[in-house]
2 protein chains.
Amino acid sequence: MFKIELKVMPRKGILNPQSTAVKNGLKAMGYDNVDNLEMGKFMEFTIKAADRAEAEAYVEEMCKRLLANPVIEDYTYQIYQVEGE
Amino acid sequence: MFKIELKVMPRKGILNPQSTAVKNGLKAMGYDNVDNLEMGKFMEFTIKAADRAEAEAYVEEMCKRLLANPVIEDYTYQIYQVEGE
């Protein structure tokens, strides 16, 4: 079994309303020392696969089909082998 | 200047509709080998602070006031020193 940590972030240059809202919130609260804020999604899950290559193939496919929107988002992930079938 | 990577995840035992939707989506697409899915937020930003301790104090305060909801979410972060004033 493999544990996956997947980060999905807005692509550079894509306007992200969620990031803008948080940025404005922080400014309004007086945190003028904060900059370059980007906000995205983080997913953790386990996947059963014969080996790391198969797990990676599944993750790539799942990202492209459901977990990320490649038009506006970039994704990166890490794969860890864990105990379990 | 410090770069912050902040992960905000639903607390154990808290029902998270977003995680449930993604879980169900994956099952519906035939990914029966996926389990233990948790979905949260990931934020990256820079912060100007005199030192690491001050940066950490800011991050803690910002998390409690705006970036996370301590009732239903846990947060973890990493602080990296980067070039810049």
# chains A, B, ... in the order shown; residues from 1 in each chain; ligands from 1
>>> closest_atom_pairs(of="chain B", to="chain A", cutoff="7 Å", atoms="only C-alpha atoms", output="JSON lines")
{"residue": "B:Asn33", "atom": "CA", "partner": "A:Lys48", "partner_atom": "CA", "distance": 5.1}
{"residue": "B:Val34", "atom": "CA", "partner": "A:Ile47", "partner_atom": "CA", "distance": 4.5}
{"residue": "B:Asp35", "atom": "CA", "partner": "A:Thr46", "partner_atom": "CA", "distance": 5.2}
{"residue": "B:Asn36", "atom": "CA", "partner": "A:Phe45", "partner_atom": "CA", "distance": 5.1}
{"residue": "B:Leu37", "atom": "CA", "partner": "A:Phe45", "partner_atom": "CA", "distance": 4.2}
{"residue": "B:Glu38", "atom": "CA", "partner": "A:Glu44", "partner_atom": "CA", "distance": 5.2}
{"residue": "B:Met39", "atom": "CA", "partner": "A:Met43", "partner_atom": "CA", "distance": 4.5}
{"residue": "B:Gly40", "atom": "CA", "partner": "A:Phe42", "partner_atom": "CA", "distance": 5.0}
{"residue": "B:Lys41", "atom": "CA", "partner": "A:Lys41", "partner_atom": "CA", "distance": 4.5}
{"residue": "B:Phe42", "atom": "CA", "partner": "A:Gly40", "partner_atom": "CA", "distance": 5.0}
{"residue": "B:Met43", "atom": "CA", "partner": "A:Met39", "partner_atom": "CA", "distance": 4.4}
{"residue": "B:Glu44", "atom": "CA", "partner": "A:Glu38", "partner_atom": "CA", "distance": 5.3}
{"residue": "B:Phe45", "atom": "CA", "partner": "A:Leu37", "partner_atom": "CA", "distance": 4.2}
{"residue": "B:Thr46", "atom": "CA", "partner": "A:Asp35", "partner_atom": "CA", "distance": 5.2}
{"residue": "B:Ile47", "atom": "CA", "partner": "A:Val34", "partner_atom": "CA", "distance": 4.5}
{"residue": "B:Lys48", "atom": "CA", "partner": "A:Asn33", "partner_atom": "CA", "distance": 5.1}
>>> select_by_dssp(residues="chain A", states="strand (DSSP E or B)", output="JSON, numbers by chain")
{"A": [2, 3, 4, 5, 6, 7, 8, 9, 10, 34, 35, 36, 37, 38, 39, 40, 41, 42, 43, 44, 45, 46, 47, 73, 74, 75, 76, 77, 78, 79, 80, 81]}
>>> closest_residue(among="B:Tyr77, B:Pro17, B:Ala50, B:Gly84", to="B:Cys63", atoms="only C-alpha atoms")
B:Tyr77
>>> closest_residue(among="B:Ala28, B:Asp51, B:Ile14, B:Thr20", to="B:Ile79", atoms="only C-alpha atoms")
B:Asp51
>>> atom_distance(atom1="atom CA of A:Asn24", atom2="atom CA of B:Ala68")
15.5 Å
>>> atom_distance(atom1="atom CA of A:Tyr80", atom2="atom CA of B:Gln81")
26.8 Å
>>> select_by_dssp(residues="chain A", states="alpha helix (DSSP H)", output="list in words")
Pro17, Gln18, Ser19, Thr20, Ala21, Val22, Lys23, Asn24, Gly25, Leu26, Lys27, Ala28, Arg52, Ala53, Glu54, Ala55, Glu56, Ala57, Tyr58, Val59, Glu60, Glu61 and Met62 of chain A
